[in-house]
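Chemist: Quick one: the structure is below, and I'll ask about it shortly.
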Amino acid sequence: MDFMKWLNSLGDLLYEVMSWLVFYPVTLARTILHPIATMNYADRELRDAEDEQFSDTLNPPLFLILSLLLTQAIDSVLGGNTNPIIASSRGLAALIDDDTTLLMLRLILFSMFPLMMATRLLRARRERLTREHLKAPFYAQCYACAPFALFLGIGVSLGHAELPAARTGGAMLAGICIVAYLGVQARWFGHHLQQGLGRGLLNAVAGFVQATVLSIAIGLMFVNG
């Protein structure tokens, strides 16, 4: 009986993982083509019963995790060599000794962006900073952050390539990602705070700078040991 339960659980896991092959590109396309609508969709889905949420897309945190996993896979192909953080054994870098722990570090660094943007929205609305209030904007921000993290990671990986053209293309891709991400954030803040794009952009830049500073500070703890 226990063996049958194990087989059924394995079957459910297999279906879940294989469904990612369908719903990951669907979710990616929606976040790229209709970023604000997809972020608003996350808000609506959280009001549904738990077993009915995100039935036609990946849920936002999982989407971000898979995007970072894909970024890491592409980096290993384009970069070729072992990541210097994994290779290092100095200080906190000793904790990052395989691809799994490196993925966790990437997730912590990029999760700073949804966290800072969501927190900034609550403060601008003068809402209490609680787990319940933070969840909806954080989930929405995970949708925005996933394609940003994916294409920014690809751009950085291209910068490691030997070909000058690849490095130039990588720098251009990274720059486009940052501009596009800030544009989406400006619209998102403008929509939720009922303000113009100018003030929305100021909020977006402020949140981006906060998240970037925190991510760099954490990253340096591992790089410099």
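Identifiers in the structure tokens: chain A, B, ... in order shown; residue index from 1 per chain; ligand index from 1 in order shown.
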Pull the alpha helix (DSSP H) assignments for region 50-155 of chain A out of DSSP run on the backbone, and list those residues as an NGL selection string.

Modeler: :A and (60-79 or 84-87 or 99-125 or 131-155)

Chemist: Neighbours of Thr38 (chain A) within 9 Å (only C-alpha atoms; same-chain residues fewer than 3 positions away dropped), as a tab-separated table (two decimals) with N, CA, C and O atoms, in the first residue's frame?

Modeler:
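Writing done, so here's part_11.tsv:
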chain	number	residue	atom	x	y	z
A	27	THR	N	4.10	31.40	-19.52
A	27	THR	CA	4.23	32.45	-18.51
A	27	THR	C	5.25	33.49	-18.94
A	27	THR	O	5.04	34.70	-18.75
A	30	ARG	N	3.73	35.79	-21.53
A	30	ARG	CA	2.76	36.72	-20.95
A	30	ARG	C	3.46	37.85	-20.19
A	30	ARG	O	3.04	39.01	-20.26
A	31	THR	N	4.52	37.52	-19.47
A	31	THR	CA	5.21	38.56	-18.70
A	31	THR	C	5.97	39.52	-19.60
A	31	THR	O	6.13	40.70	-19.25
A	34	HIS	N	2.76	41.29	-21.90
A	34	HIS	CA	1.74	42.00	-21.10
A	34	HIS	C	2.16	42.03	-19.64
A	34	HIS	O	1.51	41.41	-18.79
A	35	PRO	N	3.24	42.73	-19.31
A	35	PRO	CA	3.78	42.66	-17.95
A	35	PRO	C	2.83	43.17	-16.87
A	35	PRO	O	2.66	42.53	-15.83
A	41	TYR	N	-2.81	40.07	-12.70
A	41	TYR	CA	-3.34	38.71	-12.65
A	41	TYR	C	-2.88	37.99	-11.38
A	41	TYR	O	-3.65	37.27	-10.75
A	42	ALA	N	-1.63	38.23	-10.98
A	42	ALA	CA	-1.12	37.62	-9.75
A	42	ALA	C	-1.92	38.09	-8.54
A	42	ALA	O	-2.24	37.30	-7.64
A	43	ASP	N	-2.27	39.38	-8.52
A	43	ASP	CA	-3.08	39.91	-7.43
A	43	ASP	C	-4.43	39.21	-7.36
A	43	ASP	O	-4.91	38.84	-6.28
A	140	ALA	N	3.47	39.60	-7.47
A	140	ALA	CA	3.42	40.33	-8.73
A	140	ALA	C	4.81	40.70	-9.21
A	140	ALA	O	5.13	40.59	-10.40
A	143	TYR	N	6.86	38.01	-11.01
A	143	TYR	CA	6.58	37.91	-12.44
A	143	TYR	C	7.44	38.90	-13.23
A	143	TYR	O	7.96	38.57	-14.30
A	144	ALA	N	7.58	40.10	-12.74
A	144	ALA	CA	8.38	41.11	-13.45
A	144	ALA	C	9.87	40.78	-13.39
A	144	ALA	O	10.61	41.04	-14.34

Chemist: Mind giving me the straight-line distance from CA of Thr71 (chain A) to CA of Ala149 (chain A) in Å, one decimal?

Modeler: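 These two atoms are separated by 7.7 Å.
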
Chemist: Report as CSV the residues of region 83-190 of chain A within 12 Å of region 207-218 of chain A, each with its shortest atom pair and distance in Å (one decimal), using only C-alpha atoms, ordered by chain and increasing residue number.

Modeler:
residue,atom,partner,partner_atom,distance
A:Leu92,CA,A:Ile218,CA,10.2
A:Ala93,CA,A:Ile218,CA,11.2
A:Leu105,CA,A:Ile218,CA,9.2
A:Arg106,CA,A:Ser215,CA,9.4
A:Leu107,CA,A:Ser215,CA,10.4
A:Ile108,CA,A:Ser215,CA,8.1
A:Leu109,CA,A:Ser215,CA,4.9
A:Phe110,CA,A:Ser215,CA,7.2
A:Ser111,CA,A:Ala211,CA,8.6
A:Met112,CA,A:Ala211,CA,5.2
A:Phe113,CA,A:Ala211,CA,5.1
A:Pro114,CA,A:Ala211,CA,8.4
A:Leu115,CA,A:Ala211,CA,8.0
A:Met116,CA,A:Gly207,CA,5.6
A:Met117,CA,A:Gly207,CA,5.3
A:Ala118,CA,A:Gly207,CA,8.8
A:Thr119,CA,A:Gly207,CA,8.7
A:Arg120,CA,A:Gly207,CA,6.7
A:Leu121,CA,A:Gly207,CA,9.3
A:Arg123,CA,A:Gly207,CA,11.5
A:Ala124,CA,A:Gly207,CA,11.6
A:Gln141,CA,A:Gly207,CA,11.7
A:Cys145,CA,A:Phe208,CA,11.1
A:Ile178,CA,A:Phe208,CA,9.4
A:Val179,CA,A:Phe208,CA,11.1
A:Tyr181,CA,A:Phe208,CA,9.3
A:Leu182,CA,A:Phe208,CA,7.8
A:Gly183,CA,A:Phe208,CA,11.5
A:Val184,CA,A:Phe208,CA,11.9
A:Gln185,CA,A:Phe208,CA,9.2
A:Ala186,CA,A:Gly207,CA,10.5
A:Phe189,CA,A:Gly207,CA,10.6

Chemist: Have a look at CA of Glu45 (chain A) and CA of Asn59 (chain A) and let me know their distance in Å, one decimal.

Modeler: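 The value is 9.4 Å.
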
Chemist: Write out as a PDB file with all heavy atoms, in the first residue's frame the residues lying within 10 Å of Leu193 (chain A), counting only C-alpha atoms and excluding same-chain residues fewer than 5 positions away.

Modeler:
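Below is the file that was written, part-v2.pdb:
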ATOM      1  N   LEU A 121       6.122  49.904  -2.355  1.00  0.00           N
ATOM      2  CA  LEU A 121       4.718  50.165  -2.665  1.00  0.00           C
ATOM      3  C   LEU A 121       3.896  50.279  -1.380  1.00  0.00           C
ATOM      4  O   LEU A 121       3.072  51.186  -1.239  1.00  0.00           O
ATOM      5  CB  LEU A 121       4.156  49.053  -3.545  1.00  0.00           C
ATOM      6  CG  LEU A 121       2.677  49.205  -3.904  1.00  0.00           C
ATOM      7  CD1 LEU A 121       2.463  50.386  -4.844  1.00  0.00           C
ATOM      8  CD2 LEU A 121       2.126  47.925  -4.525  1.00  0.00           C
ATOM      9  N   LEU A 122       4.108  49.368  -0.441  1.00  0.00           N
ATOM     10  CA  LEU A 122       3.337  49.406   0.814  1.00  0.00           C
ATOM     11  C   LEU A 122       3.622  50.686   1.589  1.00  0.00           C
ATOM     12  O   LEU A 122       2.709  51.292   2.162  1.00  0.00           O
ATOM     13  CB  LEU A 122       3.668  48.188   1.670  1.00  0.00           C
ATOM     14  CG  LEU A 122       3.212  46.823   1.135  1.00  0.00           C
ATOM     15  CD1 LEU A 122       3.527  45.733   2.145  1.00  0.00           C
ATOM     16  CD2 LEU A 122       1.734  46.826   0.801  1.00  0.00           C
ATOM     17  N   ALA A 124       4.592  53.562   0.323  1.00  0.00           N
ATOM     18  CA  ALA A 124       3.986  54.683  -0.390  1.00  0.00           C
ATOM     19  C   ALA A 124       2.479  54.739  -0.151  1.00  0.00           C
ATOM     20  O   ALA A 124       1.880  55.815  -0.132  1.00  0.00           O
ATOM     21  CB  ALA A 124       4.280  54.574  -1.884  1.00  0.00           C
ATOM     22  N   ARG A 125       1.867  53.577   0.037  1.00  0.00           N
ATOM     23  CA  ARG A 125       0.438  53.521   0.325  1.00  0.00           C
ATOM     24  C   ARG A 125       0.139  53.739   1.811  1.00  0.00           C
ATOM     25  O   ARG A 125      -1.024  53.793   2.199  1.00  0.00           O
ATOM     26  CB  ARG A 125      -0.114  52.146  -0.071  1.00  0.00           C
ATOM     27  CG  ARG A 125      -0.306  51.931  -1.557  1.00  0.00           C
ATOM     28  CD  ARG A 125      -0.761  50.501  -1.772  1.00  0.00           C
ATOM     29  NE  ARG A 125      -1.302  50.291  -3.109  1.00  0.00           N
ATOM     30  CZ  ARG A 125      -1.721  49.102  -3.544  1.00  0.00           C
ATOM     31  NH1 ARG A 125      -1.641  48.044  -2.744  1.00  0.00           N
ATOM     32  NH2 ARG A 125      -2.210  48.979  -4.748  1.00  0.00           N
ATOM     33  N   ARG A 187       5.456  51.969 -14.729  1.00  0.00           N
ATOM     34  CA  ARG A 187       4.033  51.799 -15.023  1.00  0.00           C
ATOM     35  C   ARG A 187       3.310  51.156 -13.850  1.00  0.00           C
ATOM     36  O   ARG A 187       2.174  51.530 -13.533  1.00  0.00           O
ATOM     37  CB  ARG A 187       3.864  50.967 -16.292  1.00  0.00           C
ATOM     38  CG  ARG A 187       4.331  51.650 -17.571  1.00  0.00           C
ATOM     39  CD  ARG A 187       4.370  50.678 -18.733  1.00  0.00           C
ATOM     40  NE  ARG A 187       3.074  50.053 -18.947  1.00  0.00           N
ATOM     41  CZ  ARG A 187       2.893  48.952 -19.666  1.00  0.00           C
ATOM     42  NH1 ARG A 187       3.949  48.344 -20.232  1.00  0.00           N
ATOM     43  NH2 ARG A 187       1.702  48.443 -19.836  1.00  0.00           N
ATOM     44  N   TRP A 188       3.943  50.183 -13.210  1.00  0.00           N
ATOM     45  CA  TRP A 188       3.313  49.468 -12.088  1.00  0.00           C
ATOM     46  C   TRP A 188       3.093  50.402 -10.901  1.00  0.00           C
ATOM     47  O   TRP A 188       2.006  50.439 -10.325  1.00  0.00           O
ATOM     48  CB  TRP A 188       4.193  48.287 -11.690  1.00  0.00           C
ATOM     49  CG  TRP A 188       3.613  47.387 -10.641  1.00  0.00           C
ATOM     50  CD1 TRP A 188       2.622  46.463 -10.798  1.00  0.00           C
ATOM     51  CD2 TRP A 188       4.018  47.310  -9.266  1.00  0.00           C
ATOM     52  NE1 TRP A 188       2.385  45.817  -9.611  1.00  0.00           N
ATOM     53  CE2 TRP A 188       3.221  46.312  -8.656  1.00  0.00           C
ATOM     54  CE3 TRP A 188       4.964  47.977  -8.498  1.00  0.00           C
ATOM     55  CZ2 TRP A 188       3.352  45.970  -7.307  1.00  0.00           C
ATOM     56  CZ3 TRP A 188       5.103  47.643  -7.166  1.00  0.00           C
ATOM     57  CH2 TRP A 188       4.305  46.650  -6.575  1.00  0.00           C
ATOM     58  N   ARG A 199       6.755  60.205 -11.652  1.00  0.00           N
ATOM     59  CA  ARG A 199       6.873  59.820 -10.245  1.00  0.00           C
ATOM     60  C   ARG A 199       6.975  58.310 -10.104  1.00  0.00           C
ATOM     61  O   ARG A 199       7.661  57.805  -9.209  1.00  0.00           O
ATOM     62  CB  ARG A 199       5.670  60.348  -9.465  1.00  0.00           C
ATOM     63  CG  ARG A 199       5.652  61.859  -9.307  1.00  0.00           C
ATOM     64  CD  ARG A 199       4.542  62.298  -8.390  1.00  0.00           C
ATOM     65  NE  ARG A 199       4.708  61.770  -7.043  1.00  0.00           N
ATOM     66  CZ  ARG A 199       3.800  61.888  -6.080  1.00  0.00           C
ATOM     67  NH1 ARG A 199       2.646  62.503  -6.337  1.00  0.00           N
ATOM     68  NH2 ARG A 199       4.031  61.398  -4.886  1.00  0.00           N
ATOM     69  N   GLY A 200       6.293  57.594 -10.994  1.00  0.00           N
ATOM     70  CA  GLY A 200       6.425  56.140 -10.972  1.00  0.00           C
ATOM     71  C   GLY A 200       7.852  55.711 -11.248  1.00  0.00           C
ATOM     72  O   GLY A 200       8.370  54.782 -10.627  1.00  0.00           O
TER      73      GLY A 200
END

Chemist: Mind checking which residues fall within 8 Å of Cys177 (chain A), counting only C-alpha atoms, ignoring those fewer than 5 positions away in the same chain, and posting them as a PyMOL selection string?

Modeler: chain A and resi 148+151-152

Chemist: Under the rule that only C-alpha atoms are counted, which of A:Leu70, A:Arg167, A:Leu158, A:Asn40 is the nearest residue to Phe138 (chain A)?

Modeler: A:Asn40

Chemist: Using only C-alpha atoms, which residue out of A:Ala49, A:Met39, A:Gln194, A:Ile32 lies closest to Ala180 (chain A)?

Modeler: A:Ile32
